[in-house]
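Chemist: Below is the structure I would like to discuss, written out as structure tokens.
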Amino acid sequence: NANHRTAQWQTNLSVSGPLVWQKTDGLKSDAIHITTMQDTVNRAPRPRYISLLDGSFSLTDFRHWQGKFNGYFDRQPAALSLKYSNEAGEVPLLEAGLALQKLSLAPYWEDLEAQSGNIYPEFLNDDSLPDIEAQVKIDSMNFPGLQLENVETLISANRQHIAFTNFKAGLYGGKTEGGISMANTTPISYHLQQNAQGVQIRPLLQDLFGFHSFSGTGDAVIDLTSKGQDRRSLLQLLDGTLRLNVSDGAWHGIDMNNILQSGNIKKDTENNLQTPFHRFSLHSLIEKGVSHHVNTELLSDSVRVISSGFTNLEKQELSEELLIYNARNPDSRPVPLKIKGSVHNPSITLDYGQLTDGLSTPQEKQKALEETFREQWHWLIPRRK
């Protein structure tokens, strides 16, 4: 029995069972029982690290030992295996296998937030700690505001880095696989590589960039690197690429169909304007927190939109130049738009300069405007003043 108490937490550990030692085989226990629990001190109870495990343990010598356990962790079925080796001339290695039915990180989230971005585990900085390789399988994993299903990964950890390789999970209604790594630099460096398929795009973009203008189901190829201690600094130093292919969704905040039909650009004061689409594709290059893209395409029954521009992800500001084509009359001249300002409430204007480029007189410019809209909708002719 052992316990440890701090100003905030009381931790208890209990290990019991028969031990047998033989000169040729070392120390063994075929029926070892382990319980652990940590709870708050002088606060409302919030127990965590609750384990109840039964299994076996063997120690050949202090350079080699292993154990295998089954039971419960945080009241959920769990299985754990451990194998330690310390060969001469090599870095010690601890291999592990962990299977959990469900893991909720909510009880531990407050501690992570309190570290102010210094989330690299302190215990990994111990020079005597072995390298760690753990094969992990979790049926359901909950973060605040996020849930993963059928998580599988190999975790490698030491003083220099933590890597989640061959990472697979059910996410946002689809699935994703790839890798995630964290380097023990100052500030901490991150690398995210994911290939997501059949996911809900809006919550994905919201969690990555705080951007929620597009919805729909699709695929995403993500390769991002950054370093920092909080969300703002991570976005400022973000580099990488993002590819999206989305189907049956909507661009929220703008109604392209209404613009073509009436020439009227409405302000989305009630957050209900949108442009439904069948397909949306984007390839974005991100440098120092600014996402650049060219020839992004949106296609619906009535419109085809080609867009180029950039979005400052940290400031949540964008600048876009769009060409709106009538999908039913593809040979007609497009309507050019400019979108600038906050991603949450941008300014949308007709690109009058592009529409009348090369024309000198007011009459020529007025005629160009009329002919453009006449080609889009033959019944619409702006009145002359």
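As shown in the structure tokens, the chain order sets the letters A, B, ...; within each chain, residues go from 1, and ligands are also counted from 1 in the order they appear.
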Mind the document's chain letters and residue numbers, and return as an MDAnalysis selection string the residues of region 23-129 of chain A that DSSP labels alpha helix (DSSP H).

Modeler: chainID A and resid 106:114

Chemist: Can you spit out the residues from that selection as a PDB file, in the first residue's frame, using N, CA and C atoms?

Modeler:
```pdb
ATOM      1  N   ALA A 106     -12.093  14.117 -20.065  1.00  0.00           N
ATOM      2  CA  ALA A 106     -12.651  15.270 -19.352  1.00  0.00           C
ATOM      3  C   ALA A 106     -12.070  15.429 -17.943  1.00  0.00           C
ATOM      4  N   PRO A 107     -11.895  14.352 -17.151  1.00  0.00           N
ATOM      5  CA  PRO A 107     -11.347  14.543 -15.800  1.00  0.00           C
ATOM      6  C   PRO A 107      -9.907  15.037 -15.787  1.00  0.00           C
ATOM      7  N   TYR A 108      -9.195  14.916 -16.916  1.00  0.00           N
ATOM      8  CA  TYR A 108      -7.792  15.291 -16.978  1.00  0.00           C
ATOM      9  C   TYR A 108      -7.555  16.599 -17.740  1.00  0.00           C
ATOM     10  N   TRP A 109      -8.619  17.132 -18.349  1.00  0.00           N
ATOM     11  CA  TRP A 109      -8.476  18.272 -19.242  1.00  0.00           C
ATOM     12  C   TRP A 109      -8.053  19.538 -18.503  1.00  0.00           C
ATOM     13  N   GLU A 110      -8.541  19.710 -17.275  1.00  0.00           N
ATOM     14  CA  GLU A 110      -8.208  20.906 -16.497  1.00  0.00           C
ATOM     15  C   GLU A 110      -6.708  20.983 -16.249  1.00  0.00           C
ATOM     16  N   ASP A 111      -6.083  19.841 -16.016  1.00  0.00           N
ATOM     17  CA  ASP A 111      -4.633  19.830 -15.795  1.00  0.00           C
ATOM     18  C   ASP A 111      -3.887  20.247 -17.055  1.00  0.00           C
ATOM     19  N   LEU A 112      -4.340  19.771 -18.224  1.00  0.00           N
ATOM     20  CA  LEU A 112      -3.690  20.125 -19.482  1.00  0.00           C
ATOM     21  C   LEU A 112      -3.814  21.617 -19.755  1.00  0.00           C
ATOM     22  N   GLU A 113      -4.998  22.171 -19.516  1.00  0.00           N
ATOM     23  CA  GLU A 113      -5.200  23.600 -19.748  1.00  0.00           C
ATOM     24  C   GLU A 113      -4.364  24.442 -18.797  1.00  0.00           C
ATOM     25  N   ALA A 114      -4.171  23.953 -17.579  1.00  0.00           N
ATOM     26  CA  ALA A 114      -3.421  24.710 -16.575  1.00  0.00           C
ATOM     27  C   ALA A 114      -1.934  24.792 -16.904  1.00  0.00           C
TER      28      ALA A 114
END
```

Chemist: Excluding Lys288 (chain A) and residues on its chain fewer than 4 positions from it, collect all residues at most 7 Å away from it, counting only C-alpha atoms, and give them as a list in words.

Modeler: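 Once the adjacent positions are removed, what remains is Gln236, Leu237, Leu238 and Asp239 of chain A.
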
Chemist: Just write the chosen residues, all heavy atoms, as an mmCIF file, in the first residue's frame.

Modeler:
```cif
data_model
loop_
_atom_site.group_PDB
_atom_site.id
_atom_site.type_symbol
_atom_site.label_atom_id
_atom_site.label_comp_id
_atom_site.auth_asym_id
_atom_site.auth_seq_id
_atom_site.Cartn_x
_atom_site.Cartn_y
_atom_site.Cartn_z
ATOM 1 N N GLN A 236 -0.455 31.489 -35.870
ATOM 2 C CA GLN A 236 0.475 32.462 -36.442
ATOM 3 C C GLN A 236 1.626 31.773 -37.174
ATOM 4 O O GLN A 236 2.122 32.288 -38.183
ATOM 5 C CB GLN A 236 1.037 33.365 -35.341
ATOM 6 C CG GLN A 236 0.066 34.408 -34.814
ATOM 7 C CD GLN A 236 0.654 35.210 -33.665
ATOM 8 O OE1 GLN A 236 1.565 34.759 -32.969
ATOM 9 N NE2 GLN A 236 0.142 36.407 -33.457
ATOM 10 N N LEU A 237 2.074 30.633 -36.677
ATOM 11 C CA LEU A 237 3.238 29.946 -37.239
ATOM 12 C C LEU A 237 2.851 28.712 -38.050
ATOM 13 O O LEU A 237 3.702 27.879 -38.354
ATOM 14 C CB LEU A 237 4.201 29.557 -36.107
ATOM 15 C CG LEU A 237 4.784 30.717 -35.306
ATOM 16 C CD1 LEU A 237 5.635 30.206 -34.154
ATOM 17 C CD2 LEU A 237 5.614 31.628 -36.206
ATOM 18 N N LEU A 238 1.587 28.611 -38.414
ATOM 19 C CA LEU A 238 1.106 27.419 -39.108
ATOM 20 C C LEU A 238 1.588 27.378 -40.552
ATOM 21 O O LEU A 238 1.461 28.350 -41.291
ATOM 22 C CB LEU A 238 -0.424 27.396 -39.067
ATOM 23 C CG LEU A 238 -1.106 26.117 -39.542
ATOM 24 C CD1 LEU A 238 -0.806 24.975 -38.577
ATOM 25 C CD2 LEU A 238 -2.611 26.332 -39.645
ATOM 26 N N ASP A 239 2.158 26.247 -40.953
ATOM 27 C CA ASP A 239 2.578 26.007 -42.332
ATOM 28 C C ASP A 239 2.028 24.658 -42.782
ATOM 29 O O ASP A 239 1.798 23.774 -41.965
ATOM 30 C CB ASP A 239 4.108 25.977 -42.456
ATOM 31 C CG ASP A 239 4.755 27.327 -42.187
ATOM 32 O OD1 ASP A 239 4.223 28.346 -42.666
ATOM 33 O OD2 ASP A 239 5.780 27.357 -41.482
#
```

Chemist: Quote the spacing between CA of Ser14 (chain A) and CA of Trp65 (chain A) in Å to one decimal place.

Modeler: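 Calculated distance between CA of Ser14 (chain A) and CA of Trp65 (chain A) is 19.6 Å.
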
Chemist: May I have a table of the residues of region 238-303 of chain A lying at most 12 Å from region 200-212 of chain A, giving each one's closest pair of atoms and their distance in Å to one decimal, counting only C-alpha atoms, ordered by chain and ascending residue number, as a tab-separated table?

Modeler:
```
residue	atom	partner	partner_atom	distance
A:Leu238	CA	A:Phe209	CA	10.2
A:Leu242	CA	A:Leu205	CA	10.5
A:Arg243	CA	A:Ile201	CA	11.5
A:Leu244	CA	A:Ile201	CA	8.6
A:Asn245	CA	A:Ile201	CA	9.4
A:Val246	CA	A:Ile201	CA	7.5
A:Ser247	CA	A:Ile201	CA	9.8
A:Asp248	CA	A:Gln200	CA	10.8
A:Gly249	CA	A:Ile201	CA	9.0
A:Ala250	CA	A:Arg202	CA	9.8
A:Trp251	CA	A:His212	CA	9.2
A:His252	CA	A:His212	CA	8.0
A:Gly253	CA	A:His212	CA	9.9
A:Asn271	CA	A:His212	CA	11.7
A:Phe280	CA	A:Ile201	CA	11.0
A:Ser281	CA	A:Ile201	CA	11.8
A:Ile286	CA	A:Phe209	CA	11.5
A:Gly289	CA	A:Phe209	CA	9.7
A:Val290	CA	A:Phe209	CA	10.9
A:Ser291	CA	A:Phe209	CA	10.4
```

Chemist: So, counting only C-alpha atoms, which residue among A:Ser233, A:Thr24, A:Asn258, A:Gln8 is closest to Pro45 (chain A)?

Modeler: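 Looking only at the distances to Pro45 (chain A), the closest residue turns out to be A:Gln8.
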
Chemist: Show which residues sit within 7 Å of region 91-94 of chain A, as number ranges by chain. Count only C-alpha atoms, and ignore same-chain residues fewer than 4 positions away.

Modeler: A: 83-87, 130-133

Chemist: Put those residues in a file: N, CA and C atoms, as a compact mmCIF listing (two decimals), in the first residue's frame.

Modeler:
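Result file result.txt:
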```txt
# COMPACT_ATOMS: atom_id res chain seq x y z
N LYS A 83 6.33 -4.88 -21.11
CA LYS A 83 7.56 -5.65 -21.25
C LYS A 83 8.74 -4.69 -21.24
N TYR A 84 9.67 -4.88 -20.28
CA TYR A 84 10.82 -4.00 -20.14
C TYR A 84 12.10 -4.77 -20.44
N SER A 85 12.99 -4.11 -21.23
CA SER A 85 14.29 -4.73 -21.52
C SER A 85 15.36 -3.64 -21.50
N ASN A 86 16.52 -4.00 -20.96
CA ASN A 86 17.65 -3.06 -20.86
C ASN A 86 18.92 -3.81 -21.23
N GLU A 87 19.13 -3.92 -22.54
CA GLU A 87 20.29 -4.66 -23.02
C GLU A 87 21.54 -3.79 -22.95
N PRO A 130 13.15 4.81 -19.81
CA PRO A 130 13.37 4.10 -21.08
C PRO A 130 12.55 4.72 -22.22
N ASP A 131 12.92 4.42 -23.45
CA ASP A 131 12.05 4.73 -24.56
C ASP A 131 10.77 3.92 -24.41
N ILE A 132 9.65 4.50 -24.86
CA ILE A 132 8.35 3.85 -24.69
C ILE A 132 7.73 3.60 -26.07
N GLU A 133 7.25 2.40 -26.28
CA GLU A 133 6.48 2.07 -27.47
C GLU A 133 5.22 1.34 -27.02
```

Chemist: Could you pull the residues within 7 Å of Lys168 (chain A), counting only C-alpha atoms, minus those fewer than 6 positions along the same chain, as a PDB file with C-alpha atoms, in the first residue's frame?

Modeler:
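Everything below was put into part-v3.pdb:
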```pdb
ATOM      1  CA  VAL A 151      -8.888   4.559 -32.201  1.00  0.00           C
ATOM      2  CA  GLU A 152      -5.760   2.586 -33.077  1.00  0.00           C
ATOM      3  CA  THR A 153      -2.171   3.851 -33.005  1.00  0.00           C
ATOM      4  CA  THR A 176      -9.178   9.369 -40.609  1.00  0.00           C
ATOM      5  CA  GLU A 177      -5.704   7.882 -40.636  1.00  0.00           C
ATOM      6  CA  GLY A 178      -2.172   9.220 -40.630  1.00  0.00           C
TER       7      GLY A 178
END
```

Chemist: Can you pull out the residues contacting His293 (chain A)? Cut-off 7 Å, using only C-alpha atoms, and skip same-chain residues under 3 positions away; I want them as a PyMOL selection string.

Modeler: chain A and resi 283-285+296+308-310

Chemist: Keeping only N, CA and C atoms, write the selected residues to a file as a short mmCIF file (atom, residue, chain, number, x, y, z; two decimals), in the first residue's frame.

Modeler:
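Here's the written file out_27.cif:
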```cif
data_model
loop_
_atom_site.label_atom_id
_atom_site.label_comp_id
_atom_site.auth_asym_id
_atom_site.auth_seq_id
_atom_site.Cartn_x
_atom_site.Cartn_y
_atom_site.Cartn_z
N HIS A 283 -7.56 23.49 -52.84
CA HIS A 283 -6.18 23.15 -52.50
C HIS A 283 -5.53 24.40 -51.95
N SER A 284 -5.17 24.36 -50.68
CA SER A 284 -4.67 25.54 -49.99
C SER A 284 -3.23 25.33 -49.54
N LEU A 285 -2.41 26.35 -49.77
CA LEU A 285 -1.04 26.38 -49.25
C LEU A 285 -1.01 27.37 -48.09
N THR A 296 -10.19 27.66 -56.71
CA THR A 296 -11.13 26.86 -55.91
C THR A 296 -12.48 26.85 -56.63
N SER A 308 -10.30 32.71 -55.93
CA SER A 308 -8.89 32.77 -55.55
C SER A 308 -8.75 33.82 -54.45
N GLY A 309 -7.82 33.59 -53.55
CA GLY A 309 -7.63 34.57 -52.48
C GLY A 309 -6.86 34.00 -51.32
N PHE A 310 -7.03 34.62 -50.14
CA PHE A 310 -6.31 34.16 -48.96
C PHE A 310 -7.15 34.41 -47.71
#
```

Chemist: Can you measure CA of Thr60 (chain A) to CA of Asp25 (chain A) for me? One decimal in Å is fine.

Modeler: 5.9 Å

Chemist: List every residue of region 190-278 of chain A that DSSP, applied to the backbone of this structure, assigns to strand (DSSP E), and report them as a ChimeraX atom specification.

Modeler: /A:190-200,214-227,239-252,274-278

Chemist: Pick the closest to Ser189 (chain A) from A:Leu234, A:Leu154, A:Leu146, A:Leu350: which is it, counting only C-alpha atoms?

Modeler: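 Counting only C-alpha atoms, the residue closest to Ser189 (chain A) is A:Leu234.
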
Chemist: For Phe73 (chain A), which of A:Gln10, A:Ser51, A:Asn118, A:Ser56 is the closest residue, counting only C-alpha atoms?

Modeler: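 Looking only at the distances to Phe73 (chain A), the closest residue turns out to be A:Ser51.
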
Chemist: Using CA of Gly173 (chain A) and CA of Gln197 (chain A) as the two end points, give the distance in Å to one decimal.

Modeler: 9.2 Å

Chemist: When you count only C-alpha atoms, which of these residues is closest to Ala196 (chain A): A:Tyr172, A:Phe214, A:Phe62, A:Phe143?

Modeler: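 For Ala196 (chain A), the nearest of the given residues is A:Tyr172.
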